[in-house]
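Visitor: Hey, dropping target38.txt in here, compact mmCIF, C-alpha atoms:
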```
# COMPACT_ATOMS: atom_id res chain seq x y z
CA MET A 1 0.00 0.00 0.00
CA THR A 2 1.19 3.54 -0.55
CA PRO A 3 -0.84 5.85 1.63
CA ILE A 4 -0.03 9.48 2.22
CA LEU A 5 1.07 10.28 5.75
CA ASP A 6 1.93 13.75 6.95
CA GLY A 7 1.88 14.78 3.30
CA VAL A 8 4.40 12.12 2.27
CA SER A 9 3.77 8.99 0.21
CA VAL A 10 5.05 5.93 2.10
CA HIS A 11 5.28 2.19 1.31
CA LEU A 12 3.50 -0.07 3.77
CA ASP A 13 3.18 -3.84 3.60
CA ALA A 14 -0.23 -5.54 3.49
CA GLU A 15 -0.58 -5.38 7.26
CA GLY A 16 0.38 -1.74 7.57
CA PHE A 17 4.02 -1.98 8.62
CA PHE A 18 6.66 0.27 7.09
CA GLU A 19 8.82 -1.43 4.46
CA ASP A 20 11.42 1.33 4.69
CA PRO A 21 11.87 2.86 8.16
CA ALA A 22 13.69 5.81 6.58
CA GLN A 23 10.39 7.03 5.07
CA TRP A 24 8.99 7.62 8.54
CA THR A 25 8.83 11.01 10.15
CA ASP A 26 7.87 12.12 13.63
CA GLY A 27 4.76 13.85 12.37
CA MET A 28 3.21 10.61 11.12
CA GLN A 29 2.78 9.08 14.56
CA GLU A 30 -0.55 10.55 15.53
CA GLU A 31 -2.18 9.67 12.23
CA ILE A 32 -0.98 6.07 12.30
CA ALA A 33 -1.96 5.79 15.96
CA ARG A 34 -5.48 6.98 15.20
CA GLU A 35 -5.82 4.48 12.33
CA ASN A 36 -4.87 1.78 14.83
CA GLY A 37 -7.40 2.80 17.41
CA ILE A 38 -5.06 4.80 19.64
CA GLU A 39 -6.62 8.12 20.48
CA PRO A 40 -5.49 10.27 22.20
CA PHE A 41 -1.86 9.62 21.38
CA THR A 42 -0.16 10.62 24.62
CA ASP A 43 3.44 11.15 25.72
CA ARG A 44 3.39 7.71 27.33
CA HIS A 45 2.49 6.17 23.95
CA LYS A 46 5.29 8.19 22.39
CA GLN A 47 7.78 6.96 24.97
CA VAL A 48 7.06 3.35 24.05
CA VAL A 49 7.11 4.01 20.31
CA GLU A 50 10.41 5.86 20.53
CA PHE A 51 11.99 3.07 22.55
CA VAL A 52 10.84 0.41 20.08
CA ARG A 53 12.05 2.40 17.05
CA ARG A 54 15.37 3.31 18.69
CA THR A 55 16.04 -0.33 19.56
CA TYR A 56 15.23 -1.44 16.02
CA LEU A 57 17.52 1.17 14.47
CA ARG A 58 20.32 0.29 16.89
CA THR A 59 20.13 -3.51 16.77
CA GLY A 60 18.27 -4.33 13.56
CA ALA A 61 15.43 -5.98 15.46
CA ALA A 62 12.50 -4.81 17.52
CA PRO A 63 12.87 -5.37 21.28
CA SER A 64 11.05 -8.21 23.02
CA ILE A 65 8.06 -7.32 25.17
CA ARG A 66 10.22 -8.34 28.13
CA THR A 67 12.82 -5.72 27.21
CA VAL A 68 10.20 -3.04 26.61
CA GLY A 69 8.73 -3.75 30.05
CA LYS A 70 12.14 -3.53 31.68
CA ASP A 71 13.95 -0.74 29.81
CA SER A 72 11.42 1.64 28.24
CA GLY A 73 10.28 3.13 31.53
CA VAL A 74 6.75 1.83 30.93
CA SER A 75 5.59 -1.25 32.86
CA ILE A 76 3.98 -4.30 31.25
CA GLU A 77 0.61 -3.45 32.80
CA GLU A 78 0.73 0.08 31.46
CA LEU A 79 1.87 -1.17 28.04
CA TYR A 80 -1.30 -3.18 27.67
CA GLU A 81 -3.42 -0.28 28.92
CA LEU A 82 -1.84 1.98 26.29
CA PHE A 83 -1.97 -0.59 23.47
CA PRO A 84 -4.75 -3.12 24.21
CA THR A 85 -4.54 -4.89 20.84
CA GLY A 86 -0.85 -5.70 21.00
CA PRO A 87 1.84 -3.32 22.29
CA LEU A 88 4.74 -4.41 20.10
CA LYS A 89 2.82 -4.67 16.85
CA VAL A 90 1.03 -1.35 17.20
CA ALA A 91 4.11 0.49 18.51
CA ALA A 92 6.05 -0.89 15.52
CA LYS A 93 3.42 0.43 13.09
CA ILE A 94 3.36 3.85 14.73
CA GLY A 95 7.16 3.92 14.92
CA GLY A 96 7.66 3.10 11.26
CA ILE A 97 9.57 -0.16 11.61
CA PRO A 98 8.92 -3.54 9.97
CA LYS A 99 6.79 -6.19 11.63
CA PRO A 100 8.52 -7.63 14.69
CA ARG A 101 9.19 -11.32 14.17
CA GLY A 102 9.91 -12.61 17.65
CA CYS A 103 7.96 -15.00 19.83
CA ILE A 104 8.55 -13.02 22.99
CA MET B 1 -2.23 4.38 -7.09
CA THR B 2 -2.01 6.04 -3.72
CA THR B 3 -4.69 5.73 -1.10
CA THR B 4 -5.20 7.34 2.28
CA SER B 5 -6.48 4.14 3.90
CA LEU B 6 -3.76 2.51 5.96
CA ASP B 7 -5.04 -1.02 6.31
CA PRO B 8 -7.53 -2.00 3.63
CA THR B 9 -6.41 -5.62 3.39
CA LEU B 10 -7.17 -6.34 7.03
CA ALA B 11 -10.86 -5.98 6.36
CA ALA B 12 -10.48 -8.01 3.19
CA ARG B 13 -8.74 -10.86 5.06
CA GLY B 14 -11.76 -11.22 7.26
CA GLU B 15 -11.29 -10.38 10.92
CA ALA B 16 -14.18 -12.77 11.53
CA ASP B 17 -11.85 -15.74 11.79
CA ALA B 18 -9.29 -14.07 14.05
CA LEU B 19 -8.94 -15.68 17.48
CA SER B 20 -10.25 -13.52 20.27
CA LYS B 21 -9.79 -15.82 23.25
CA VAL B 22 -7.70 -18.83 24.29
CA ALA B 23 -7.50 -21.05 27.37
CA ILE B 24 -4.17 -22.84 27.78
CA VAL B 25 -3.68 -25.90 29.96
CA ILE B 26 -0.21 -26.63 31.35
CA SER B 27 -0.09 -30.19 32.66
CA LYS B 28 3.64 -31.03 32.79
CA GLY B 29 6.33 -30.12 35.28
CA SER B 30 9.45 -30.16 33.15
CA LEU B 31 11.07 -27.07 31.63
CA GLU B 32 10.20 -28.18 28.12
CA GLY B 33 6.71 -29.08 29.29
CA ILE B 34 5.99 -25.69 30.84
CA TYR B 35 7.52 -23.20 28.40
CA PRO B 36 5.30 -23.87 25.37
CA GLY B 37 2.17 -22.92 27.33
CA LEU B 38 3.76 -19.74 28.64
CA ILE B 39 5.04 -18.73 25.20
CA MET B 40 1.54 -19.31 23.82
CA ALA B 41 -0.09 -17.30 26.60
CA ASN B 42 2.31 -14.39 26.16
CA GLY B 43 2.01 -14.65 22.38
CA ALA B 44 -1.75 -14.50 22.64
CA ARG B 45 -1.63 -11.36 24.78
CA MET B 46 0.82 -9.75 22.36
CA GLU B 47 -1.79 -10.24 19.62
CA GLY B 48 -4.49 -8.73 21.79
CA ILE B 49 -6.06 -12.17 22.34
CA GLN B 50 -7.62 -12.82 25.75
CA ALA B 51 -5.80 -15.64 27.55
CA ASN B 52 -6.31 -17.77 30.62
CA VAL B 53 -3.80 -20.37 31.81
CA PHE B 54 -4.84 -23.42 33.81
CA PHE B 55 -2.10 -25.31 35.67
CA THR B 56 -2.83 -28.94 36.48
CA PHE B 57 -0.89 -31.97 37.81
CA PHE B 58 2.82 -31.32 37.63
CA GLY B 59 2.14 -28.08 35.79
CA LEU B 60 1.36 -26.67 39.24
CA ASP B 61 5.12 -26.59 39.83
CA ALA B 62 5.30 -23.58 37.51
CA ILE B 63 3.21 -21.55 39.95
CA ARG B 64 4.44 -22.99 43.26
CA LYS B 65 6.49 -20.55 45.35
CA ASP B 66 8.83 -23.36 46.40
CA ARG B 67 9.34 -24.93 42.99
CA SER B 68 8.88 -22.47 40.11
CA HIS B 69 12.54 -21.42 40.19
CA ARG B 70 13.92 -24.98 40.03
CA ILE B 71 12.13 -26.57 37.10
CA LYS B 72 14.37 -29.01 35.22
CA VAL B 73 14.71 -30.48 31.74
CA ALA B 74 13.79 -34.19 31.65
CA THR B 75 16.82 -36.17 30.49
CA VAL B 76 15.37 -39.64 31.12
CA GLY B 77 12.49 -41.04 29.10
CA ASN B 78 12.78 -38.04 26.81
CA PRO B 79 13.59 -39.17 23.25
CA GLY B 80 13.86 -35.50 22.26
CA MET B 81 17.18 -35.29 24.11
CA HIS B 82 18.80 -37.73 21.68
CA ILE B 83 21.04 -39.19 24.37
CA PRO B 84 21.18 -42.80 25.70
CA THR B 85 18.87 -43.40 28.69
CA LEU B 86 21.73 -44.46 30.98
CA LEU B 87 23.62 -41.29 30.11
CA GLY B 88 20.58 -39.17 30.86
CA ALA B 89 20.21 -40.89 34.23
CA LEU B 90 23.70 -39.95 35.42
CA PRO B 91 23.81 -37.56 38.38
CA GLY B 92 24.00 -33.97 37.17
CA MET B 93 22.78 -34.62 33.62
CA SER B 94 19.40 -32.98 34.14
CA ALA B 95 21.04 -30.03 35.86
CA LEU B 96 23.51 -29.69 32.97
CA ALA B 97 20.82 -29.90 30.29
CA THR B 98 18.74 -27.38 32.23
CA ARG B 99 21.66 -24.97 32.54
CA MET B 100 22.39 -25.19 28.83
CA MET B 101 18.79 -24.66 27.83
CA LYS B 102 18.36 -21.71 30.19
CA ARG B 103 21.48 -20.10 28.71
CA GLU B 104 20.12 -20.43 25.17
CA MET B 105 16.78 -19.02 26.21
CA GLU B 106 18.35 -16.04 27.93
CA LYS B 107 20.18 -15.27 24.65
CA LEU B 108 16.76 -15.09 23.00
CA ASP B 109 15.48 -12.86 25.80
CA ILE B 110 13.07 -15.55 26.99
CA PRO B 111 12.70 -15.08 30.75
CA PRO B 112 13.16 -17.77 33.42
CA ILE B 113 9.89 -19.33 34.53
CA PRO B 114 9.16 -17.19 37.62
CA GLU B 115 9.73 -13.98 35.64
CA PHE B 116 7.74 -15.35 32.71
CA ILE B 117 4.79 -16.11 34.99
CA GLU B 118 4.89 -12.50 36.23
CA LEU B 119 5.12 -11.19 32.65
CA VAL B 120 2.16 -13.26 31.50
CA ALA B 121 0.07 -12.16 34.49
CA GLN B 122 1.04 -8.49 34.07
CA SER B 123 0.02 -8.77 30.41
CA GLY B 124 -3.50 -9.49 31.61
CA ALA B 125 -3.72 -13.29 31.34
CA GLY B 126 -5.55 -15.09 34.14
CA LEU B 127 -3.58 -17.77 35.98
CA TYR B 128 -5.47 -20.57 37.71
CA GLY B 129 -4.66 -23.74 39.63
CA CYS B 130 -6.61 -26.94 39.13
CA LYS B 131 -8.55 -27.78 42.29
CA ALA B 132 -8.35 -31.54 41.83
CA SER B 133 -4.55 -31.43 41.57
CA VAL B 134 -4.26 -28.92 44.39
CA ASP B 135 -6.29 -31.22 46.67
CA MET B 136 -4.35 -34.28 45.55
CA PHE B 137 -1.02 -32.66 46.41
CA HIS B 138 -2.40 -31.27 49.68
CA LEU B 139 -1.75 -27.69 48.63
CA THR B 140 -3.59 -24.42 49.22
CA LYS B 141 -3.72 -21.12 47.31
CA ASP B 142 -1.01 -19.83 49.69
CA ASP B 143 1.47 -22.27 48.15
CA PHE B 144 1.21 -20.41 44.86
CA VAL B 145 2.76 -17.18 43.61
CA PRO B 146 0.56 -14.08 44.12
CA GLU B 147 -0.18 -13.82 40.37
CA VAL B 148 -2.47 -16.87 40.61
CA ARG B 149 -6.04 -15.60 40.71
CA GLU B 150 -7.88 -18.63 42.03
CA VAL B 151 -7.96 -22.41 42.40
CA ILE B 152 -10.82 -23.59 40.20
CA THR B 153 -12.59 -26.78 39.15
CA VAL B 154 -12.60 -28.18 35.62
CA GLY B 155 -16.19 -26.97 35.20
CA GLU B 156 -15.14 -23.44 36.17
CA PHE B 157 -12.27 -23.73 33.70
CA TYR B 158 -14.71 -24.59 30.91
CA ALA B 159 -16.82 -21.57 31.85
CA LEU B 160 -13.71 -19.37 31.64
CA ALA B 161 -12.81 -20.91 28.29
CA ALA B 162 -16.25 -20.37 26.77
CA GLY B 163 -16.23 -18.67 23.41
CA GLY B 164 -12.56 -19.38 22.81
CA GLU B 165 -10.10 -22.10 21.88
CA ILE B 166 -8.61 -24.54 24.37
CA ILE B 167 -4.91 -25.38 23.98
CA PHE B 168 -3.68 -28.39 25.90
CA THR B 169 0.04 -28.69 26.62
```
Write out the structure in this file as C-alpha cells.

Guide:
Amino acid sequence: MTPILDGVSVHLDAEGFFEDPAQWTDGMQEEIARENGIEPFTDRHKQVVEFVRRTYLRTGAAPSIRTVGKDSGVSIEELYELFPTGPLKVAAKIGGIPKPRGCI
Amino acid sequence: MTTTSLDPTLAARGEADALSKVAIVISKGSLEGIYPGLIMANGARMEGIQANVFFTFFGLDAIRKDRSHRIKVATVGNPGMHIPTLLGALPGMSALATRMMKREMEKLDIPPIPEFIELVAQSGAGLYGCKASVDMFHLTKDDFVPEVREVITVGEFYALAAGGEIIFT
C-alpha cells in the first residue's frame, strides 16, 4: 500500500508496517496511531514508540516485550493499557519499523 | 495508485476468523513441558487475544512458590534429548541440560519461569490452579505465587474458556 502520511507517500506492507523505516517522520505518529485505534496519542504512547524504534535502528530488530517492560520506563501493565490490541505490533506500526518477528 | 487508507487488506482478510480468546492448559512439570504454554499465553496477549492459563498436575510446579525457580529439563524417558537413557540418568545430567537450555533461552530474551509467569500475568492473562490437583497434592492457594487468581474446578475452567479455543500442553 502507498498511503499518504503527513503529506508524504510511504510504502507499507499488506498489514500496515513500514517497508522502509527511513520514510517515517515524527509527524506521522498521531495519524498512524489513530488508524490503529489509539486516540489520544499521549506522551506515554510516544515513549514506548520511541523506545521500540530506537532499539530497532540500533540492533536491527525490535525489542522483546520483556525488554520493553524492563527498559522503556513503561511497565507491562501500562503497556497493555496503552496498546490493548498488541503493544509491540502497534508500537512498531506507529514507529515506522517492519513487523517484529519474535515469539517473545 | 495512492490511497489514504492505511489497512484496507485487514478488512479483506476477514477479521471474523481471528482468534479472540484462548485457554491454555499446562499439565507437565518439566522445563520443556511448561515453556510452550507460557510462550503461547504471552504470544496471545501480544496479539491482543484474551488468555487464561490453567495449571494442572505437575504443571502446578510452575506456579508454586517453592518450585517455580527450580524446574528441570527431563533427560530420562525423553527421546527429544537424543542421548542414551543411561547417560541421561547420570547424576548432574538434568542439571547440565537445564543450565544449557536456560542459557540459550536467555540469549533469545526468553525469561526464566518465575519472571515469565509474572510477565504473562502483568500482560493481563488469568492464571489458575486446578482444584483436583491442588487437593491431591495437599496444597492451598497460599502455596502459589501471588499472580495466581484462584484455584478452580474443571467446570469453572470450561466456563472461563467459553467462546474461545482450548490449547492443551

Visitor: Write out as CSV a residue-level contact list of chain A versus chain B with cut-off 10 Å: for each qualifying residue the closest pair of atoms and the distance in Å to one decimal, counting all atoms listed in the file, rows sorted by chain and residue number upward.

Guide:
```
residue,atom,partner,partner_atom,distance
A:Met1,CA,B:Thr2,CA,7.4
A:Thr2,CA,B:Thr2,CA,5.2
A:Pro3,CA,B:Thr4,CA,4.7
A:Ile4,CA,B:Thr4,CA,5.6
A:Leu5,CA,B:Thr4,CA,7.7
A:Ser9,CA,B:Thr2,CA,7.6
A:Val10,CA,B:Thr2,CA,9.2
A:His11,CA,B:Thr2,CA,9.7
A:Leu12,CA,B:Leu6,CA,8.0
A:Asp13,CA,B:Asp7,CA,9.1
A:Ala14,CA,B:Thr9,CA,6.2
A:Glu15,CA,B:Asp7,CA,6.3
A:Gly16,CA,B:Asp7,CA,5.6
A:Phe17,CA,B:Leu6,CA,9.4
A:Glu31,CA,B:Leu6,CA,9.6
A:Ile32,CA,B:Leu6,CA,7.8
A:Glu35,CA,B:Leu6,CA,7.0
A:Asn36,CA,B:Leu6,CA,9.0
A:Pro63,CA,B:Asp109,CA,9.1
A:Ser64,CA,B:Asp109,CA,7.0
A:Ile65,CA,B:Met46,CA,8.1
A:Arg66,CA,B:Asp109,CA,7.3
A:Thr67,CA,B:Asp109,CA,7.7
A:Gly69,CA,B:Leu119,CA,8.7
A:Ser75,CA,B:Gln122,CA,8.6
A:Ile76,CA,B:Gln122,CA,5.8
A:Glu77,CA,B:Gln122,CA,5.2
A:Glu78,CA,B:Ser123,CA,8.9
A:Leu79,CA,B:Ser123,CA,8.2
A:Tyr80,CA,B:Ser123,CA,6.4
A:Glu81,CA,B:Ser123,CA,9.3
A:Phe83,CA,B:Gly48,CA,8.7
A:Pro84,CA,B:Gly48,CA,6.1
A:Thr85,CA,B:Gly48,CA,4.0
A:Gly86,CA,B:Met46,CA,4.6
A:Pro87,CA,B:Met46,CA,6.5
A:Leu88,CA,B:Met46,CA,7.0
A:Lys89,CA,B:Glu47,CA,7.7
A:Val90,CA,B:Glu47,CA,9.6
A:Gly102,CA,B:Leu108,CA,9.0
A:Cys103,CA,B:Gly43,CA,6.5
A:Ile104,CA,B:Ile110,CA,6.5
```

Visitor: Just give me the gap between atom CA of B:Ala89 and atom CA of B:Arg67 in Å, one decimal is fine.

Guide: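 The value is 21.2 Å.
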
Visitor: Neighbourhood query: residues within 10 Å of (6.8, -21.5, 38.6), file coordinates, counting all atoms listed in the file; return as a VMD selection string.

Guide: chain B and resid 29 31 34 59 to 71 112 to 118 144 to 145

Visitor: May I ask for the distance between atom CA of A:Ala62 and atom CA of A:Val49, given in Å to one decimal place?

Guide: 10.7 Å

Visitor: Between atom CA of B:Glu106 and atom CA of A:Ala91, what is the distance in Å, rounded to a tenth?

Guide: 23.8 Å

Visitor: Can you pull out every residue within 12 Å of B:Thr75, counting all atoms listed in the file, but drop anything in the same chain fewer than 2 positions away, and send it as a count of residues only?

Guide: 28

Visitor: Counting all atoms listed in the file, which residue out of A:Gly73, A:Arg58, A:Lys46, A:Ala92 sits closest to A:Asp26?

Guide: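 Using all atoms listed in the file, the shortest distance to A:Asp26 belongs to A:Lys46.
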
Visitor: Do a neighbour search on stretch 16-22 of chain B at 7 Å with only C-alpha atoms, toss out local chain neighbours closer than 3 positions, and write the hits as number ranges by chain.

Guide: B: 49-52, 161, 164-166

Visitor: Grab all the atoms of stretch 131-138 of chain B that the file lists, wrap them in a box along x, y and z, add 4 Å per side, and give me centre plus edge lengths in Å (one decimal) as AutoDock Vina command-line options.

Guide:
```
--center_x -4.8 --center_y -31.0 --center_z 45.6 --size_x 15.5 --size_y 14.5 --size_z 16.1
```
